[in-house]
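Here the structure is laid out as structure tokens; the discussion comes afterwards.
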Amino acid sequence: MTQYVFQPAPQAAVPVRGSSQLYAVTRIFCVGRNYAAHAREMGADPDREPPFYFNKTPSDLVATGSTIPYPLGTKDYHYEMELVIAIGKPAFRVKSEAALDCVWGYACGLDMTRRDLQNTAKKMGRPWDFGKDFENAAVITPLVPASEIGHPASGRIELAVNGQTKQDSDIKELIWSVPEIVANLSEYYHLQPGDLIYTGTPEGVGAVQPGDRITGSVAGVGEIALNVGQPE
């Protein structure tokens with residue numbers, strides 16, 4: 001029997017809607033600036049340059065409906081509403097025409113961001129880890145199998161704070177579509193079941209404060225909610 005110095009952390013997992021099964025998560029990839037209007041609001045060129053990525057740690061995952069503390073070390077805590085892909089088959093150097101065969105399902109996600117820390121890192125040419133990869137930074141709904149809903153290529157994506165709409169777009173506005181993202185990422189990684197991909201956020205990102213309630217949805221995929229608590 002294997003003995004560990006310390007008890008291993010529980011396996012990060014996401015529930016499957018309408019099932020008792022869990023989807024075990026091994027990696028989280030996130031696409032940066034994948035809507036043109038959001039790229040412009042971030043001061044970037046929205047031309048269709050190759051996609052780029054950053055990562056979050058699976059332990060960052062938190063379920064929809066949770067109340068989480070306002071995070072450490074920031075004064076500018078932002079929401080980013082996203083469609084999430086769940087890989088279901090190995091994908092290595094897969095072509096975009098075949099990439100959807102490797103997608104098991106979808107979810108709604110919030111890529112929570114310590115924007116001031118991210119912006120400082122950008123200015124200094126440093127990685128974004130402090131701004132993007134922190135506790136409770138990856139909010140997610142239960143996964144919905146593609147076998148039930150297909151592969152959504154269009155549909156409203158929206159987010160509200162305290163009932164006031166802040167983001168309102170359509171996933172057809174993705175610069176890089178779901179199959180293109182999977183194909184591109186598979187040129188750099190051996191994608192496997194257990195890999196989640198947050199596909200990017202539309203324009204309208206902004207800050208939230210303790211006491212705020214975030215709600216959002218992706219048409220045909222689900223609804224998400226998050227309550228921002230007091231800092232610890």
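Residues are named by chain letter and number: chains run A, B, ... in the order of the structure tokens, numbers start at 1 in each chain, and ligands are numbered from 1 in the order shown.
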**Surrounding residues of stretch 178-183 of chain A excluding itself and chain neighbours under 5 positions, 7 Å, only C-alpha atoms, as a list in words** =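 So the residues in contact are Arg93, Val94, Lys95, Ser96, Ala99 and Leu100 of chain A.
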Identify, on the basis of only C-alpha atoms, every residue whose closest approach to A:Gln230 does not exceed 7 Å; exclude the query and any residue fewer than 3 positions from it along the same chain; express the result as an mmCIF file with N, CA and C atoms, in the first residue's frame.
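Contents of out.cif, as written:
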```
data_model
loop_
_atom_site.group_PDB
_atom_site.id
_atom_site.type_symbol
_atom_site.label_atom_id
_atom_site.label_comp_id
_atom_site.auth_asym_id
_atom_site.auth_seq_id
_atom_site.Cartn_x
_atom_site.Cartn_y
_atom_site.Cartn_z
ATOM 1 N N PRO A 69 -14.959 33.987 -0.433
ATOM 2 C CA PRO A 69 -14.440 35.234 0.105
ATOM 3 C C PRO A 69 -13.791 36.089 -0.978
ATOM 4 N N TYR A 70 -13.896 37.386 -0.822
ATOM 5 C CA TYR A 70 -13.161 38.300 -1.696
ATOM 6 C C TYR A 70 -11.686 37.923 -1.593
ATOM 7 N N PRO A 210 -17.466 42.733 -2.124
ATOM 8 C CA PRO A 210 -18.160 41.871 -1.170
ATOM 9 C C PRO A 210 -19.649 42.203 -1.091
#
```
**Item:** helix (DSSP H, G or I) call set, DSSP backbone run, stretch 15-186 of chain A, as a PyMOL selection string
**Value:** chain A and resi 36-41+58-60+96-102+115-124+129-132+146-149+171-173+178-185
**Request:** Would you list the contacts of A:Glu82 as a count of residues only, taking every protein, DNA or RNA residue within 8 Å and counting only C-alpha atoms, but skipping same-chain residues closer than 5 positions in sequence?
**Result:** 11
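Checking A:Asp116, A:Glu232, A:Glu223, A:Asp101 one by one against A:Glu158, counting only C-alpha atoms, you find the shortest gap at A:Glu223.
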**Asked** Which one of A:Ala137, A:Val16, A:Leu174, A:Ala121 sits closest to A:Gly155 if you count only C-alpha atoms?
**Response** A:Leu174
**Asked** What is the distance between atom CA of A:Asn34 and atom CA of A:Gly206, in Å to one decimal?
**Response**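 Here the two named atoms are 16.8 Å from each other.
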**Request:** Could you give me, as a PyMOL selection string, the residues within 6 Å of A:His78, counting only C-alpha atoms and dropping anything in the same chain fewer than 6 positions from it?
**Result:** chain A and resi 112-113+206-207
Generate the output file for the selected residues, all heavy atoms, as a short mmCIF file (atom, residue, chain, number, x, y, z; two decimals), in the first residue's frame.
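Output contents, as saved in selection24.cif:
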```
data_model
loop_
_atom_site.label_atom_id
_atom_site.label_comp_id
_atom_site.auth_asym_id
_atom_site.auth_seq_id
_atom_site.Cartn_x
_atom_site.Cartn_y
_atom_site.Cartn_z
N MET A 112 -12.51 34.06 -12.83
CA MET A 112 -12.35 35.18 -11.90
C MET A 112 -10.90 35.65 -11.92
O MET A 112 -9.97 34.85 -12.00
CB MET A 112 -12.80 34.78 -10.50
CG MET A 112 -14.25 34.30 -10.42
SD MET A 112 -15.46 35.47 -11.09
CE MET A 112 -15.35 36.80 -9.87
N THR A 113 -10.73 36.97 -11.87
CA THR A 113 -9.43 37.57 -12.17
C THR A 113 -9.08 38.68 -11.18
O THR A 113 -9.91 39.55 -10.91
CB THR A 113 -9.45 38.16 -13.60
OG1 THR A 113 -9.77 37.13 -14.54
CG2 THR A 113 -8.11 38.77 -13.96
N GLY A 206 -15.74 43.55 -15.52
CA GLY A 206 -15.69 44.62 -14.52
C GLY A 206 -15.52 44.07 -13.13
O GLY A 206 -15.51 42.85 -12.91
N ALA A 207 -15.41 44.99 -12.18
CA ALA A 207 -15.10 44.63 -10.81
C ALA A 207 -16.36 44.32 -10.01
O ALA A 207 -17.45 44.84 -10.29
CB ALA A 207 -14.33 45.76 -10.14
#
```
**Item:** A:Tyr188, A:Tyr4, A:Trp104, A:Tyr23 ranked by distance to A:Ala146, top pick (using only C-alpha atoms)
**Value:**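 Closest residue, counting only C-alpha atoms: A:Trp104.
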Close residues, A:Val144 itself excluded, 7 Å, only C-alpha atoms, min 6 positions apart in chain, as a compact mmCIF listing (two decimals) with N, CA, C and O atoms, in the first residue's frame:
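selection-v8.txt, freshly written:
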```txt
# COMPACT_ATOMS: atom_id res chain seq x y z
N VAL A 16 -21.85 15.97 -13.31
CA VAL A 16 -22.51 15.88 -14.60
C VAL A 16 -24.00 16.09 -14.37
O VAL A 16 -24.60 15.44 -13.51
N ARG A 17 -24.58 17.00 -15.11
CA ARG A 17 -26.00 17.33 -14.91
C ARG A 17 -26.88 16.11 -15.13
O ARG A 17 -26.74 15.39 -16.12
N GLY A 105 -18.28 17.33 -23.48
CA GLY A 105 -19.40 18.14 -23.03
C GLY A 105 -19.01 19.58 -22.79
O GLY A 105 -17.89 20.01 -23.10
N TYR A 106 -19.96 20.32 -22.19
CA TYR A 106 -19.79 21.76 -22.01
C TYR A 106 -20.32 22.20 -20.64
O TYR A 106 -21.13 21.50 -20.02
N ALA A 107 -19.87 23.36 -20.22
CA ALA A 107 -20.37 23.97 -18.98
C ALA A 107 -20.28 25.48 -19.12
O ALA A 107 -19.67 26.01 -20.05
N VAL A 221 -26.74 25.66 -22.55
CA VAL A 221 -25.72 24.99 -21.74
C VAL A 221 -26.06 25.04 -20.25
O VAL A 221 -26.00 24.03 -19.56
```
Write out, as CSV, each residue of stretch 31-94 of chain A that has an atom at most 8 Å from stretch 5-15 of chain A, together with the closest pair of atoms and their distance in Å to one decimal, counting only C-alpha atoms, rows going by chain and rising number.
```
residue,atom,partner,partner_atom,distance
A:Pro58,CA,A:Ala12,CA,5.9
A:Ser59,CA,A:Ala12,CA,6.2
A:Leu61,CA,A:Ala12,CA,7.4
A:Ala63,CA,A:Val14,CA,7.9
```
Just the selected residues (C-alpha atoms), exported as a PDB file, in the first residue's frame, please.
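Full text of out28.pdb as output:
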```
ATOM      1  CA  PRO A  58      -7.769  22.242 -10.733  1.00  0.00           C
ATOM      2  CA  SER A  59      -7.896  23.098  -7.027  1.00  0.00           C
ATOM      3  CA  LEU A  61     -12.497  25.003  -9.108  1.00  0.00           C
ATOM      4  CA  ALA A  63     -19.195  25.052  -7.850  1.00  0.00           C
TER       5      ALA A  63
END
```
**Asked** Where in stretch 80-139 of chain A does DSSP assign strand (DSSP E or B), given as a PyMOL selection string?
**Response** chain A and resi 81-87+91+103-111+113-114+138-139
**Close residues, A:Gly216 itself excluded, 12 Å, only C-alpha atoms, min 2 positions apart in chain, as a PyMOL selection string** = chain A and resi 64-65+79-83+107-110+139-141+156-169+201+213-214+218-219+221-226
Filtering to C-alpha atoms, could you give me those residues as a PDB file, in the first residue's frame?
```pdb
ATOM      1  CA  THR A  64     -21.874  27.386  -9.111  1.00  0.00           C
ATOM      2  CA  GLY A  65     -24.010  28.837  -6.319  1.00  0.00           C
ATOM      3  CA  TYR A  79     -15.697  38.452 -13.460  1.00  0.00           C
ATOM      4  CA  GLU A  80     -15.340  36.895 -16.929  1.00  0.00           C
ATOM      5  CA  MET A  81     -18.249  34.801 -18.226  1.00  0.00           C
ATOM      6  CA  GLU A  82     -17.224  31.863 -20.445  1.00  0.00           C
ATOM      7  CA  LEU A  83     -18.239  28.697 -22.279  1.00  0.00           C
ATOM      8  CA  ALA A 107     -20.366  23.966 -18.981  1.00  0.00           C
ATOM      9  CA  CYS A 108     -20.694  27.600 -18.012  1.00  0.00           C
ATOM     10  CA  GLY A 109     -17.679  29.076 -16.260  1.00  0.00           C
ATOM     11  CA  LEU A 110     -16.435  32.203 -14.537  1.00  0.00           C
ATOM     12  CA  VAL A 139     -16.233  28.766 -11.080  1.00  0.00           C
ATOM     13  CA  ILE A 140     -18.140  26.110 -13.027  1.00  0.00           C
ATOM     14  CA  THR A 141     -21.585  24.589 -13.505  1.00  0.00           C
ATOM     15  CA  ARG A 156     -26.443  34.060 -26.087  1.00  0.00           C
ATOM     16  CA  ILE A 157     -23.773  34.405 -23.412  1.00  0.00           C
ATOM     17  CA  GLU A 158     -24.590  36.896 -20.679  1.00  0.00           C
ATOM     18  CA  LEU A 159     -23.717  37.969 -17.159  1.00  0.00           C
ATOM     19  CA  ALA A 160     -25.330  40.252 -14.593  1.00  0.00           C
ATOM     20  CA  VAL A 161     -24.172  41.703 -11.282  1.00  0.00           C
ATOM     21  CA  ASN A 162     -26.935  42.259  -8.745  1.00  0.00           C
ATOM     22  CA  GLY A 163     -29.453  41.894 -11.568  1.00  0.00           C
ATOM     23  CA  GLN A 164     -27.815  44.484 -13.846  1.00  0.00           C
ATOM     24  CA  THR A 165     -26.591  43.126 -17.185  1.00  0.00           C
ATOM     25  CA  LYS A 166     -22.863  43.619 -17.716  1.00  0.00           C
ATOM     26  CA  GLN A 167     -21.985  41.154 -20.488  1.00  0.00           C
ATOM     27  CA  ASP A 168     -24.285  40.269 -23.379  1.00  0.00           C
ATOM     28  CA  SER A 169     -22.961  38.618 -26.525  1.00  0.00           C
ATOM     29  CA  THR A 201     -15.029  36.101 -22.366  1.00  0.00           C
ATOM     30  CA  ARG A 213     -24.127  38.412  -6.611  1.00  0.00           C
ATOM     31  CA  ILE A 214     -23.034  37.328 -10.079  1.00  0.00           C
ATOM     32  CA  VAL A 218     -24.888  30.331 -21.969  1.00  0.00           C
ATOM     33  CA  ALA A 219     -27.943  29.465 -24.056  1.00  0.00           C
ATOM     34  CA  VAL A 221     -25.717  24.991 -21.736  1.00  0.00           C
ATOM     35  CA  GLY A 222     -26.786  26.275 -18.336  1.00  0.00           C
ATOM     36  CA  GLU A 223     -26.853  29.016 -15.733  1.00  0.00           C
ATOM     37  CA  ILE A 224     -24.196  30.028 -13.220  1.00  0.00           C
ATOM     38  CA  ALA A 225     -24.197  32.021  -9.990  1.00  0.00           C
ATOM     39  CA  LEU A 226     -21.620  33.232  -7.493  1.00  0.00           C
TER      40      LEU A 226
END
```
**Asked** Quick one: of A:Ile149, A:Cys30, A:Val208, A:Ile68, who's nearest to A:Gly229, counting only C-alpha atoms?
**Response** A:Ile68
**Prompt:** Of the residues A:Gly211, A:Gly220, A:Gly194, A:Pro127, which is the one nearest to A:Pro152, using only C-alpha atoms?
**Reply:**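 Checking each candidate against A:Pro152, we get A:Gly220 as the closest.
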**Fill in**
In terms of only C-alpha atoms, the residue from A:Asn119, A:Gln192, A:Ser186, A:Ser177 at minimal distance from A:Ala86 is A:Gln192
**Asked** Expressed in Å to a single decimal, how great is the separation between atom CA of A:Leu72 and atom CA of A:Pro231?
**Response** 7.2 Å
**Item:** Between atom CA of A:Val31 and atom CA of A:Tyr53 - distance in Å to one decimal
**Value:**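 Those two atoms sit 4.7 Å apart.
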